file run.tsv (TSV, C-alpha atoms)
chain	number	residue	atom	x	y	z
I	1	MET	CA	-17.95	-24.72	-28.99
I	2	ALA	CA	-15.75	-27.56	-30.16
I	3	LYS	CA	-12.30	-26.19	-30.69
I	4	LYS	CA	-9.06	-27.97	-31.16
I	5	SER	CA	-7.00	-28.01	-28.01
I	6	ASN	CA	-3.66	-26.30	-27.83
I	7	SER	CA	-0.42	-28.05	-27.02
I	8	LEU	CA	0.48	-28.03	-23.33
I	9	THR	CA	3.51	-25.81	-23.90
I	10	TYR	CA	1.35	-23.29	-25.69
I	11	GLU	CA	-0.98	-23.05	-22.68
I	12	VAL	CA	1.95	-21.60	-20.73
I	13	VAL	CA	3.64	-19.61	-23.47
I	14	LYS	CA	0.51	-17.87	-24.76
I	15	GLY	CA	0.30	-15.74	-21.62
I	16	LEU	CA	3.79	-14.36	-22.09
I	17	TRP	CA	3.14	-12.65	-25.39
I	18	ASN	CA	0.43	-13.86	-27.80
I	19	GLU	CA	-2.39	-13.54	-25.27
I	20	ASN	CA	-0.58	-11.40	-22.73
I	21	PRO	CA	-3.15	-10.25	-20.16
I	22	VAL	CA	-1.95	-6.64	-20.14
I	23	LEU	CA	-0.59	-5.99	-23.63
I	24	ILE	CA	-3.09	-7.97	-25.70
I	25	GLN	CA	-6.17	-8.68	-23.58
I	26	LEU	CA	-5.91	-5.33	-21.76
I	27	LEU	CA	-7.14	-6.96	-18.55
I	28	GLY	CA	-6.27	-5.83	-15.04
I	29	LEU	CA	-5.18	-2.37	-16.12
I	30	CYS	CA	-6.22	-0.69	-12.87
I	31	PRO	CA	-3.46	-2.22	-10.70
I	32	THR	CA	-1.12	-2.08	-13.70
I	33	LEU	CA	-1.45	1.69	-13.84
I	34	ALA	CA	-1.72	2.31	-10.12
I	35	VAL	CA	1.13	0.40	-8.50
I	36	THR	CA	3.91	0.37	-11.09
I	37	ASN	CA	5.62	3.49	-9.72
I	38	SER	CA	8.56	1.36	-8.63
I	39	ALA	CA	10.04	-1.95	-9.74
I	40	VAL	CA	9.56	-3.67	-6.41
I	41	ASN	CA	5.89	-2.73	-6.29
I	42	GLY	CA	5.45	-4.10	-9.81
I	43	VAL	CA	7.04	-7.44	-8.88
I	44	ALA	CA	5.06	-7.72	-5.64
I	45	MET	CA	1.76	-6.95	-7.33
I	46	GLY	CA	2.57	-9.37	-10.15
I	47	LEU	CA	3.47	-12.20	-7.79
I	48	ALA	CA	0.48	-11.62	-5.53
I	49	THR	CA	-1.84	-11.71	-8.54
I	50	THR	CA	-0.11	-14.81	-9.91
I	51	PHE	CA	-0.57	-16.63	-6.62
I	52	VAL	CA	-4.27	-15.80	-6.47
I	53	LEU	CA	-4.74	-16.65	-10.14
I	54	LEU	CA	-2.96	-20.00	-9.87
I	55	CYS	CA	-4.70	-21.12	-6.69
I	56	SER	CA	-8.13	-20.02	-7.90
I	57	SER	CA	-7.62	-21.70	-11.27
I	58	ILE	CA	-6.68	-24.99	-9.63
I	59	LEU	CA	-9.56	-24.99	-7.18
I	60	ILE	CA	-12.19	-23.85	-9.65
I	61	SER	CA	-11.03	-26.36	-12.22
I	62	VAL	CA	-11.35	-29.12	-9.60
I	63	ILE	CA	-14.86	-28.15	-8.55
I	64	ARG	CA	-16.05	-26.92	-11.96
I	65	LYS	CA	-18.43	-29.85	-12.46
I	66	ILE	CA	-20.26	-29.51	-9.15
I	67	ILE	CA	-20.89	-25.75	-9.33
I	68	PRO	CA	-24.37	-25.03	-10.72
I	69	ALA	CA	-24.13	-22.53	-13.61
I	70	GLN	CA	-26.48	-20.08	-11.86
I	71	VAL	CA	-24.14	-19.50	-8.92
I	72	ARG	CA	-20.81	-19.89	-10.68
I	73	ILE	CA	-19.78	-16.22	-10.48
I	74	ALA	CA	-20.67	-16.04	-6.78
I	75	SER	CA	-18.65	-19.21	-6.15
I	76	TYR	CA	-15.66	-17.88	-8.10
I	77	ILE	CA	-15.72	-14.63	-6.16
I	78	VAL	CA	-15.76	-16.42	-2.79
I	79	VAL	CA	-12.82	-18.61	-3.86
I	80	ILE	CA	-10.85	-15.65	-5.25
I	81	ALA	CA	-11.59	-13.46	-2.23
I	82	THR	CA	-10.34	-16.20	0.09
I	83	PHE	CA	-6.98	-16.42	-1.65
I	84	VAL	CA	-6.68	-12.64	-1.87
I	85	THR	CA	-7.24	-12.33	1.87
I	86	VAL	CA	-4.60	-14.99	2.47
I	87	VAL	CA	-2.09	-12.97	0.39
I	88	ASP	CA	-3.11	-9.69	2.02
I	89	LYS	CA	-2.54	-11.07	5.53
I	90	PHE	CA	0.71	-12.71	4.46
I	91	LEU	CA	2.14	-9.46	3.08
I	92	ALA	CA	0.99	-7.48	6.12
I	93	ALA	CA	2.66	-10.00	8.43
I	94	TYR	CA	5.93	-10.64	6.66
I	95	THR	CA	6.59	-7.66	4.34
I	96	PRO	CA	4.89	-4.69	6.03
I	97	ASP	CA	6.63	-2.14	3.79
I	98	ILE	CA	5.33	-3.67	0.58
I	99	SER	CA	1.94	-4.11	2.15
I	100	LYS	CA	1.88	-0.40	2.98
I	101	ALA	CA	3.05	0.61	-0.50
I	102	LEU	CA	0.44	-1.50	-2.31
I	103	GLY	CA	-2.28	-0.51	0.15
I	104	ALA	CA	-5.80	-1.04	-1.09
I	105	PHE	CA	-4.66	-2.63	-4.35
I	106	ILE	CA	-4.07	-6.03	-2.77
I	107	PRO	CA	-7.67	-6.46	-1.53
I	108	LEU	CA	-8.75	-5.12	-4.93
I	109	ILE	CA	-7.24	-8.17	-6.66
I	110	VAL	CA	-10.63	-9.73	-5.84
I	111	VAL	CA	-12.21	-7.65	-8.58
I	112	ASN	CA	-9.30	-7.85	-11.00
I	113	CYS	CA	-10.99	-8.84	-14.26
I	114	LEU	CA	-7.89	-10.82	-15.25
I	115	ILE	CA	-8.60	-13.37	-12.53
I	116	LEU	CA	-12.34	-13.65	-12.92
I	117	GLY	CA	-11.83	-13.61	-16.69
I	118	ARG	CA	-9.47	-16.60	-16.62
I	119	GLN	CA	-11.84	-18.57	-14.36
I	120	GLU	CA	-14.80	-17.93	-16.63
I	121	ALA	CA	-12.91	-18.33	-19.90
I	122	PHE	CA	-10.50	-21.10	-19.00
I	123	ALA	CA	-10.46	-22.86	-15.62
I	124	SER	CA	-14.20	-23.59	-15.65
I	125	LYS	CA	-13.86	-25.33	-19.03
I	126	ASN	CA	-10.53	-27.13	-18.77
I	127	ASN	CA	-8.95	-29.80	-16.62
I	128	VAL	CA	-6.68	-29.09	-13.69
I	129	GLY	CA	-3.42	-29.64	-15.56
I	130	ARG	CA	-4.22	-27.14	-18.27
I	131	SER	CA	-5.63	-24.68	-15.75
I	132	ILE	CA	-2.36	-24.74	-13.82
I	133	LEU	CA	-0.36	-24.11	-16.99
I	134	ASP	CA	-2.71	-21.32	-18.02
I	135	GLY	CA	-2.51	-19.74	-14.56
I	136	ILE	CA	1.30	-19.86	-14.55
I	137	GLY	CA	1.54	-18.42	-18.06
I	138	MET	CA	-0.92	-15.60	-17.46
I	139	GLY	CA	0.65	-14.85	-14.07
I	140	ILE	CA	4.15	-14.58	-15.49
I	141	GLY	CA	2.84	-12.54	-18.40
I	142	PHE	CA	1.20	-10.11	-15.98
I	143	THR	CA	4.25	-10.01	-13.70
I	144	TRP	CA	6.87	-9.28	-16.34
I	145	VAL	CA	4.88	-6.41	-17.82
I	146	LEU	CA	4.30	-4.86	-14.39
I	147	THR	CA	7.94	-5.31	-13.42
I	148	LEU	CA	9.24	-3.75	-16.63
I	149	LEU	CA	6.79	-0.85	-16.33
I	150	GLY	CA	7.88	-0.34	-12.74
I	151	MET	CA	11.57	-0.45	-13.69
I	152	ILE	CA	11.19	2.12	-16.45
I	153	ARG	CA	9.07	4.47	-14.35
I	154	GLU	CA	11.39	4.18	-11.37
I	155	LEU	CA	14.48	4.68	-13.53
I	156	LEU	CA	13.18	7.90	-15.10
I	157	GLY	CA	11.23	9.13	-12.09
I	158	GLU	CA	13.71	8.38	-9.31
I	159	GLY	CA	16.93	7.52	-11.16
I	160	SER	CA	17.04	4.05	-9.61
I	161	ILE	CA	15.91	0.47	-10.22
I	162	PHE	CA	14.88	-1.70	-7.26
I	163	ALA	CA	15.97	1.27	-5.10
I	164	ILE	CA	19.56	0.99	-6.41
I	165	SER	CA	20.77	4.26	-7.90
I	166	ILE	CA	21.59	3.88	-11.58
I	167	MET	CA	21.50	7.36	-13.05
I	168	PRO	CA	24.38	9.82	-12.49
I	169	GLU	CA	23.97	12.49	-9.80
I	170	SER	CA	23.40	15.13	-12.48
I	171	PHE	CA	20.32	13.33	-13.83
I	172	ASN	CA	17.22	15.41	-13.41
I	173	THR	CA	14.43	13.03	-12.41
I	174	TRP	CA	11.22	13.13	-14.46
I	175	LEU	CA	8.73	13.46	-11.67
I	176	VAL	CA	5.83	12.86	-14.05
I	177	MET	CA	6.92	9.25	-14.51
I	178	ILE	CA	6.04	8.22	-10.95
I	179	LEU	CA	2.80	10.21	-11.03
I	180	PRO	CA	-0.34	8.77	-12.69
I	181	PRO	CA	0.32	10.37	-16.13
I	182	GLY	CA	3.64	8.48	-16.29
I	183	ALA	CA	1.71	5.22	-16.00
I	184	PHE	CA	-0.52	6.07	-18.94
I	185	LEU	CA	2.40	7.27	-21.07
I	186	THR	CA	4.54	4.20	-20.41
I	187	LEU	CA	1.71	1.71	-20.81
I	188	GLY	CA	0.57	3.44	-24.00
I	189	ILE	CA	4.04	3.21	-25.49
I	190	PHE	CA	4.27	-0.45	-24.39
I	191	ILE	CA	1.01	-1.43	-26.06
I	192	GLY	CA	1.89	0.58	-29.16
I	193	LEU	CA	5.25	-1.19	-29.40
I	194	SER	CA	3.75	-4.64	-28.91
I	195	ASN	CA	1.15	-3.96	-31.61
I	196	TRP	CA	3.88	-2.74	-33.93
I	197	ILE	CA	5.96	-5.86	-33.33
I	198	ASN	CA	2.95	-8.14	-33.85
I	199	GLU	CA	2.05	-6.42	-37.12
I	200	ARG	CA	5.56	-6.81	-38.42
I	201	ARG	CA	5.57	-10.46	-37.46
I	202	VAL	CA	2.39	-11.07	-39.43
I	203	ASN	CA	3.76	-9.34	-42.50
L	1	MET	CA	-36.21	-27.59	-6.83
L	2	LYS	CA	-33.27	-29.88	-7.27
L	3	THR	CA	-31.09	-27.16	-8.78
L	4	SER	CA	-31.96	-24.63	-6.13
L	5	ALA	CA	-31.09	-27.13	-3.40
L	6	LYS	CA	-27.79	-27.79	-5.13
L	7	MET	CA	-27.10	-24.07	-5.43
L	8	ILE	CA	-27.63	-23.57	-1.73
L	9	ILE	CA	-25.54	-26.56	-0.74
L	10	VAL	CA	-22.60	-25.71	-3.01
L	11	LEU	CA	-22.45	-22.05	-1.99
L	12	THR	CA	-22.80	-22.91	1.69
L	13	VAL	CA	-20.01	-25.46	1.53
L	14	ILE	CA	-17.68	-23.09	-0.34
L	15	ALA	CA	-18.38	-20.20	2.03
L	16	THR	CA	-17.93	-22.38	5.11
L	17	LEU	CA	-14.60	-23.76	3.88
L	18	SER	CA	-13.50	-20.23	3.02
L	19	GLY	CA	-14.40	-19.02	6.50
L	20	GLY	CA	-12.51	-21.91	8.07
L	21	ILE	CA	-9.37	-21.30	6.03
L	22	LEU	CA	-9.38	-17.57	6.73
L	23	SER	CA	-9.92	-18.02	10.43
L	24	PHE	CA	-7.01	-20.46	10.57
L	25	TRP	CA	-4.78	-18.14	8.54
L	26	ASN	CA	-5.73	-15.13	10.63
L	27	GLY	CA	-4.67	-17.03	13.73
L	28	ILE	CA	-1.20	-17.46	12.24
L	29	THR	CA	-0.69	-13.95	10.89
L	30	ALA	CA	-2.51	-11.74	13.40
L	31	PRO	CA	0.20	-11.83	16.13
L	32	LYS	CA	2.86	-11.02	13.55
L	33	ILE	CA	0.84	-8.09	12.15
L	34	LYS	CA	0.28	-6.77	15.66
L	35	GLU	CA	3.99	-7.05	16.36
L	36	ASN	CA	4.77	-5.09	13.17
L	37	ARG	CA	2.38	-2.31	14.17
L	38	LEU	CA	3.95	-2.11	17.60
L	39	LYS	CA	7.41	-1.95	16.08
L	40	VAL	CA	6.39	0.96	13.84
L	41	LEU	CA	4.81	2.73	16.82
L	42	LYS	CA	7.87	2.25	19.03
L	43	LYS	CA	10.19	3.46	16.31
L	44	ALA	CA	8.09	6.59	15.78
L	45	ILE	CA	8.00	7.33	19.51
L	46	SER	CA	11.75	6.95	19.86
L	47	THR	CA	12.27	9.27	16.85
L	48	VAL	CA	10.22	12.12	18.27
L	49	LEU	CA	11.20	11.95	21.95
L	50	PRO	CA	14.57	12.64	23.60
L	51	LYS	CA	16.33	9.54	24.86
L	52	TYR	CA	14.12	7.55	27.22
L	53	ASP	CA	14.21	4.08	28.74
L	54	ASN	CA	10.59	3.07	28.58
L	55	TYR	CA	7.22	4.60	27.91
L	56	GLU	CA	3.79	4.46	29.47
L	57	GLU	CA	0.46	4.85	27.76
L	58	LEU	CA	-2.17	7.27	29.01
L	59	LYS	CA	-5.54	7.26	27.27
L	60	LEU	CA	-6.82	10.83	27.07
L	61	SER	CA	-9.89	10.17	24.93
L	62	GLU	CA	-11.31	7.61	22.51
L	63	GLU	CA	-8.87	8.69	19.81
L	64	ILE	CA	-5.93	10.16	21.64
L	65	THR	CA	-3.37	8.14	23.56
L	66	LEU	CA	-0.43	9.87	25.16
L	67	TYR	CA	2.87	7.99	25.16
L	68	ILE	CA	4.92	9.18	28.11
L	69	GLY	CA	8.65	8.66	27.77
L	70	LYS	CA	10.43	8.05	31.08
L	71	THR	CA	14.00	7.44	32.15
L	72	LEU	CA	14.97	4.75	34.64
L	73	LYS	CA	14.91	7.42	37.37
L	74	GLU	CA	11.20	7.99	36.61
L	75	GLU	CA	11.91	11.37	35.06
L	76	THR	CA	9.47	12.26	32.29
L	77	VAL	CA	11.40	13.30	29.18
L	78	GLY	CA	8.40	14.09	26.99
L	79	PHE	CA	5.02	13.16	25.59
L	80	ALA	CA	4.35	11.67	22.18
L	81	PHE	CA	0.97	11.41	20.50
L	82	LYS	CA	-0.55	10.76	17.09
L	83	ALA	CA	-2.01	13.74	15.27
L	84	LYS	CA	-4.34	13.27	12.32
L	85	GLY	CA	-5.49	15.80	9.80
L	86	ASN	CA	-5.59	16.67	6.14
L	87	GLY	CA	-2.61	17.73	4.07
L	88	PHE	CA	-2.73	18.60	0.38
L	89	SER	CA	-4.27	15.12	0.12
L	90	PRO	CA	-6.42	13.64	2.87
L	91	ASP	CA	-5.22	11.49	5.75
L	92	LEU	CA	-1.99	12.92	7.00
L	93	THR	CA	-0.93	11.29	10.27
L	94	LEU	CA	1.97	12.50	12.37
L	95	MET	CA	3.65	11.43	15.56
L	96	VAL	CA	4.38	14.54	17.61
L	97	GLY	CA	6.87	14.71	20.44
L	98	ILE	CA	6.63	17.50	22.99
L	99	LEU	CA	8.20	18.44	26.33
L	100	PRO	CA	6.12	17.44	29.39
L	101	ASP	CA	5.22	21.10	30.08
L	102	PHE	CA	4.06	21.54	26.45
L	103	SER	CA	6.57	24.37	26.01
L	104	ALA	CA	8.39	23.10	22.93
L	105	LEU	CA	8.42	20.26	20.38
L	106	THR	CA	11.01	17.52	20.66
L	107	GLY	CA	10.48	16.15	17.16
L	108	ILE	CA	7.95	14.93	14.63
L	109	GLU	CA	7.61	11.87	12.43
L	110	ILE	CA	5.29	11.29	9.49
L	111	LEU	CA	3.32	8.07	9.99
L	112	GLU	CA	1.01	8.15	7.01
L	113	GLN	CA	0.78	10.50	4.08
L	114	THR	CA	-0.49	10.54	0.52
L	115	GLU	CA	1.07	13.86	-0.52
L	116	THR	CA	2.31	14.40	-4.07
L	117	PRO	CA	5.45	12.34	-4.72
L	118	GLY	CA	8.50	14.53	-5.25
L	119	LEU	CA	6.89	17.65	-3.79
L	120	GLY	CA	4.61	17.26	-0.76
L	121	ASN	CA	6.02	13.91	0.30
L	122	LYS	CA	9.31	15.65	1.14
L	123	ILE	CA	7.67	16.40	4.49
L	124	GLU	CA	9.11	12.97	5.34
L	125	ASP	CA	12.69	14.17	4.77
L	126	ASP	CA	14.87	14.62	7.83
L	127	GLU	CA	15.78	18.13	6.71
L	128	PHE	CA	12.17	19.26	6.90
L	129	ARG	CA	11.26	17.36	10.04
L	130	GLU	CA	14.31	18.53	11.99
L	131	GLN	CA	13.10	22.12	11.74
L	132	PHE	CA	10.39	21.20	14.24
L	133	VAL	CA	12.79	20.18	16.99
L	134	GLY	CA	12.75	22.93	19.60
L	135	LEU	CA	9.84	24.90	18.12
L	136	LEU	CA	8.10	26.85	20.87
L	137	MET	CA	4.54	25.79	21.64
L	138	GLY	CA	2.93	27.01	24.87
L	139	ILE	CA	-0.75	27.77	25.35
L	140	GLU	CA	-1.31	29.66	22.09
L	141	PRO	CA	1.25	28.24	19.67
L	142	ASN	CA	2.25	30.57	16.86
L	143	ILE	CA	4.49	29.17	14.13
L	144	ALA	CA	5.47	31.14	11.05
L	145	VAL	CA	5.73	29.29	7.75
L	146	VAL	CA	8.29	31.14	5.65
L	147	LYS	CA	8.85	30.67	1.93
L	148	ASN	CA	12.23	30.46	0.21
L	149	ARG	CA	14.39	31.36	3.19
L	150	LYS	CA	15.12	30.31	6.72
L	151	PRO	CA	12.87	31.86	9.39
L	152	LYS	CA	14.48	34.68	11.39
L	153	ASN	CA	13.86	32.89	14.67
L	154	PRO	CA	14.22	29.12	14.20
L	155	GLN	CA	12.27	28.57	17.43
L	156	LYS	CA	9.22	30.34	16.06
L	157	GLY	CA	9.03	29.34	12.43
L	158	ILE	CA	9.94	26.87	9.72
L	159	GLN	CA	10.89	27.14	6.08
L	160	ALA	CA	8.20	25.76	3.76
L	161	LEU	CA	9.18	23.17	1.17
L	162	SER	CA	9.41	24.85	-2.21
L	163	GLY	CA	6.47	23.75	-4.35
L	164	ALA	CA	4.71	22.30	-1.33
L	165	THR	CA	3.66	25.25	0.79
L	166	ILE	CA	0.24	23.70	1.39
L	167	SER	CA	1.71	20.44	2.69
L	168	SER	CA	4.17	22.35	4.88
L	169	LYS	CA	1.42	24.54	6.31
L	170	ALA	CA	-0.79	21.50	6.84
L	171	VAL	CA	1.83	19.85	9.04
L	172	VAL	CA	2.15	23.01	11.12
L	173	PHE	CA	-1.62	23.42	11.33
L	174	ILE	CA	-2.18	19.83	12.44
L	175	ILE	CA	0.49	20.15	15.11
L	176	ILE	CA	-0.90	23.41	16.51
L	177	GLU	CA	-4.48	22.11	16.56
L	178	GLN	CA	-3.60	18.82	18.17
L	179	VAL	CA	-1.15	20.24	20.70
L	180	LYS	CA	-3.94	22.52	21.95
L	181	ILE	CA	-6.41	19.63	22.21
L	182	VAL	CA	-3.96	17.26	23.90
L	183	GLN	CA	-2.82	19.97	26.30
L	184	ASN	CA	-6.42	20.65	27.35
L	185	LEU	CA	-7.29	17.00	27.75
L	186	TYR	CA	-4.12	16.36	29.72
L	187	ASN	CA	-4.67	19.28	32.06
L	188	GLN	CA	-8.28	18.21	32.64
L	189	LYS	CA	-7.14	14.68	33.36
L	190	MET	CA	-4.50	15.89	35.81
L	191	ALA	CA	-6.95	18.26	37.52
L	192	GLY	CA	-9.44	15.41	37.78
L	193	ILE	CA	-6.94	13.33	39.74
call {"tool": "encode", "arguments": {"input": "run.tsv", "output": "structure tokens"}}
result
Amino acid sequence: MAKKSNSLTYEVVKGLWNENPVLIQLLGLCPTLAVTNSAVNGVAMGLATTFVLLCSSILISVIRKIIPAQVRIASYIVVIATFVTVVDKFLAAYTPDISKALGAFIPLIVVNCLILGRQEAFASKNNVGRSILDGIGMGIGFTWVLTLLGMIRELLGEGSIFAISIMPESFNTWLVMILPPGAFLTLGIFIGLSNWINERRVN
Amino acid sequence: MKTSAKMIIVLTVIATLSGGILSFWNGITAPKIKENRLKVLKKAISTVLPKYDNYEELKLSEEITLYIGKTLKEETVGFAFKAKGNGFSPDLTLMVGILPDFSALTGIEILEQTETPGLGNKIEDDEFREQFVGLLMGIEPNIAVVKNRKPKNPQKGIQALSGATISSKAVVFIIIEQVKIVQNLYNQKMAGI
């Protein structure tokens, strides 16, 4: 499994587009679809996931050599669950509205395959420095996609962005956009567009 | 043998540290979370009751607590209580305000709902909720849910939300059911004393 290591900048940048967790790796789609019915929910979910991802990556990278291979997944899950609970309590204490809006999806970050995937594929094989960069990159990549999805769905479904009215009074809101089908439609178009752009870049 | 010992030690250490961190963090956040819940509760009570100065709690059963709004002169302005039931989606929770003789509603507030956005969730709108202020209750409450127009007698009926008749009816149904239950429990409690 000898592979040439990437430059440090690339470890961050890859998450934004080339290996974007949502658009390219298609990881963590459940929260992506479920909570992006408004921009603020998208940002909050993205940041909460980034925090958990970053902290877990750091810790698991630090202790990667002392964890026996047989119990690595169990160890990762305990570490991830700890950070998720920290975030969950934090949101409930300081931003109760967001905590109510995101509901069960915060505790469910524990089983977000994006986080476990990065621990297994990256943090457990790389040093702390690289794991931090990878965590930041993947986190931002996840957050920007969720935020943009939330903005588009909120704009068409409610006529506002971040709860600020944008559309004229006469605009007839597309209710479907804030319902589950709107999530599939928007995400589908997003992934289609990103594939199209990537193909054109290759040619 | 050596690996299994290592497995046990590593997992135990990780789990213990995790428990320690969480217990510490819970100590910091728990009071704040409790405070938030109380704030939400107080706000809901003040929305559904006429103006009051403070409220007392009266536990009627395991699930039902009556919040009794009182003025400084110890006059009871009304009772508020939580009412749970199912709407178009499950888990619809209301705060219901009612006069102390259970004759009429003083207001309702939606505490939790998962109704369809844009249709059923309009039960949260002031326009819908305000229809419940002054609705007659009594021993056998009878509320008409009218479609597409205002009810003839605004004390005996409400206008359903268009496209969300089921949600509208659910709110009415939950209120009627719970008012009956609370009224019975309250009367029993009073008779007992």
call {"tool": "interface_residues", "arguments": {"input": "run.tsv", "of": "chain L", "to": "chain I", "cutoff": "12 Å", "atoms": "all atoms listed in the file", "output": "PyMOL selection string"}}
result
chain L and resi 2-40+111-119
call {"tool": "closest_residue", "arguments": {"input": "run.tsv", "among": "L:Thr47, L:Gln131, L:Asn86, L:Gln178", "to": "Gly157 (chain L)", "atoms": "all atoms listed in the file"}}
result
L:Gln131
call {"tool": "atom_distance", "arguments": {"input": "run.tsv", "atom1": "CA of Gln119 (chain I)", "atom2": "CA of Ala44 (chain I)"}}
result
21.9 Å
call {"tool": "atom_distance", "arguments": {"input": "run.tsv", "atom1": "CA of Thr186 (chain I)", "atom2": "CA of Asn121 (chain L)"}}
result
22.9 Å
call {"tool": "atom_distance", "arguments": {"input": "run.tsv", "atom1": "CA of Val111 (chain I)", "atom2": "CA of Val84 (chain I)"}}
result
10.0 Å
call {"tool": "residues_around", "arguments": {"input": "run.tsv", "residues": "region 171-176 of chain L", "least_positions_apart": "2", "cutoff": "8 Å", "atoms": "only C-alpha atoms", "output": "list of chain:residue names"}}
result
L:Ala83, L:Lys84, L:Gly85, L:Asn86, L:Gly87, L:Val96, L:Met137, L:Pro141, L:Asn142, L:Ile143, L:Val145, L:Ser167, L:Ser168, L:Lys169, L:Gln178, L:Val179, L:Lys180
call {"tool": "residues_around", "arguments": {"input": "run.tsv", "residues": "Phe128 (chain L)", "least_positions_apart": "3", "cutoff": "10 Å", "atoms": "only C-alpha atoms", "output": "list of chain:residue names"}}
result
L:Ile108, L:Lys122, L:Ile123, L:Glu124, L:Asp125, L:Gln131, L:Phe132, L:Ile158, L:Gln159, L:Ala160, L:Leu161, L:Ser168
call {"tool": "closest_residue", "arguments": {"input": "run.tsv", "among": "I:Thr9, I:Ser38, I:Gln25, I:Ser194", "to": "Met177 (chain I)", "atoms": "only C-alpha atoms"}}
result
I:Ser38
call {"tool": "residues_around", "arguments": {"input": "run.tsv", "residues": "region 139-144 of chain I", "least_positions_apart": "6", "cutoff": "9 Å", "atoms": "all atoms listed in the file", "output": "PyMOL selection string"}}
result
chain I and resi 13-17+19-23+28+32+42-47+49-51+53-54
call {"tool": "residues_near_point", "arguments": {"input": "run.tsv", "point": "(-4.3, -25.7, -12.4)", "cutoff": "9 Å", "atoms": "only C-alpha atoms", "output": "list in words"}}
result
Leu54, Cys55, Ser56, Ser57, Ile58, Leu59, Ile60, Ser61, Val62, Ala123, Asn127, Val128, Gly129, Arg130, Ser131, Ile132, Leu133, Asp134, Gly135 and Ile136 of chain I
call {"tool": "write_last_selection", "arguments": {"input": "run.tsv", "atoms": "C-alpha atoms", "output": "compact mmCIF listing (two decimals), in the frame of the given file"}}
result
# COMPACT_ATOMS: atom_id res chain seq x y z
CA LEU I 54 -2.96 -20.00 -9.87
CA CYS I 55 -4.70 -21.12 -6.69
CA SER I 56 -8.13 -20.02 -7.90
CA SER I 57 -7.62 -21.70 -11.27
CA ILE I 58 -6.68 -24.99 -9.63
CA LEU I 59 -9.56 -24.99 -7.18
CA ILE I 60 -12.19 -23.85 -9.65
CA SER I 61 -11.03 -26.36 -12.22
CA VAL I 62 -11.35 -29.12 -9.60
CA ALA I 123 -10.46 -22.86 -15.62
CA ASN I 127 -8.95 -29.80 -16.62
CA VAL I 128 -6.68 -29.09 -13.69
CA GLY I 129 -3.42 -29.64 -15.56
CA ARG I 130 -4.22 -27.14 -18.27
CA SER I 131 -5.63 -24.68 -15.75
CA ILE I 132 -2.36 -24.74 -13.82
CA LEU I 133 -0.36 -24.11 -16.99
CA ASP I 134 -2.71 -21.32 -18.02
CA GLY I 135 -2.51 -19.74 -14.56
CA ILE I 136 1.30 -19.86 -14.55
call {"tool": "axis_aligned_box", "arguments": {"input": "run.tsv", "around": "region 31-46 of chain I", "padding_each_side": "6 Å", "output": "lines of an AutoDock Vina configuration file"}}
result
center_x = 3.3
center_y = -2.9
center_z = -9.7
size_x = 25.5
size_y = 24.9
size_z = 20.2
call {"tool": "build_atoms", "arguments": {"input": "run.tsv", "residues": "region 54-64 of chain L", "atoms": "N, CA and C atoms", "output": "short mmCIF file (atom, residue, chain, number, x, y, z; two decimals), in the frame of the given file"}}
result
data_model
loop_
_atom_site.label_atom_id
_atom_site.label_comp_id
_atom_site.auth_asym_id
_atom_site.auth_seq_id
_atom_site.Cartn_x
_atom_site.Cartn_y
_atom_site.Cartn_z
N ASN L 54 11.81 3.77 28.92
CA ASN L 54 10.59 3.07 28.58
C ASN L 54 9.45 4.08 28.51
N TYR L 55 8.32 3.64 28.00
CA TYR L 55 7.22 4.60 27.91
C TYR L 55 5.95 3.99 28.49
N GLU L 56 5.08 4.88 28.95
CA GLU L 56 3.79 4.46 29.47
C GLU L 56 2.70 5.02 28.58
N GLU L 57 1.57 4.33 28.55
CA GLU L 57 0.46 4.85 27.76
C GLU L 57 -0.57 5.48 28.68
N LEU L 58 -1.12 6.60 28.24
CA LEU L 58 -2.17 7.27 29.01
C LEU L 58 -3.28 7.62 28.02
N LYS L 59 -4.44 7.00 28.20
CA LYS L 59 -5.54 7.26 27.27
C LYS L 59 -6.25 8.55 27.65
N LEU L 60 -6.18 9.54 26.76
CA LEU L 60 -6.82 10.83 27.07
C LEU L 60 -8.27 10.87 26.59
N SER L 61 -8.51 10.23 25.44
CA SER L 61 -9.89 10.17 24.93
C SER L 61 -9.98 8.94 24.04
N GLU L 62 -11.14 8.76 23.40
CA GLU L 62 -11.31 7.61 22.51
C GLU L 62 -10.17 7.52 21.50
N GLU L 63 -9.84 8.70 20.91
CA GLU L 63 -8.87 8.69 19.81
C GLU L 63 -7.43 8.93 20.25
N ILE L 64 -7.28 9.70 21.32
CA ILE L 64 -5.93 10.16 21.64
C ILE L 64 -5.32 9.39 22.81
#
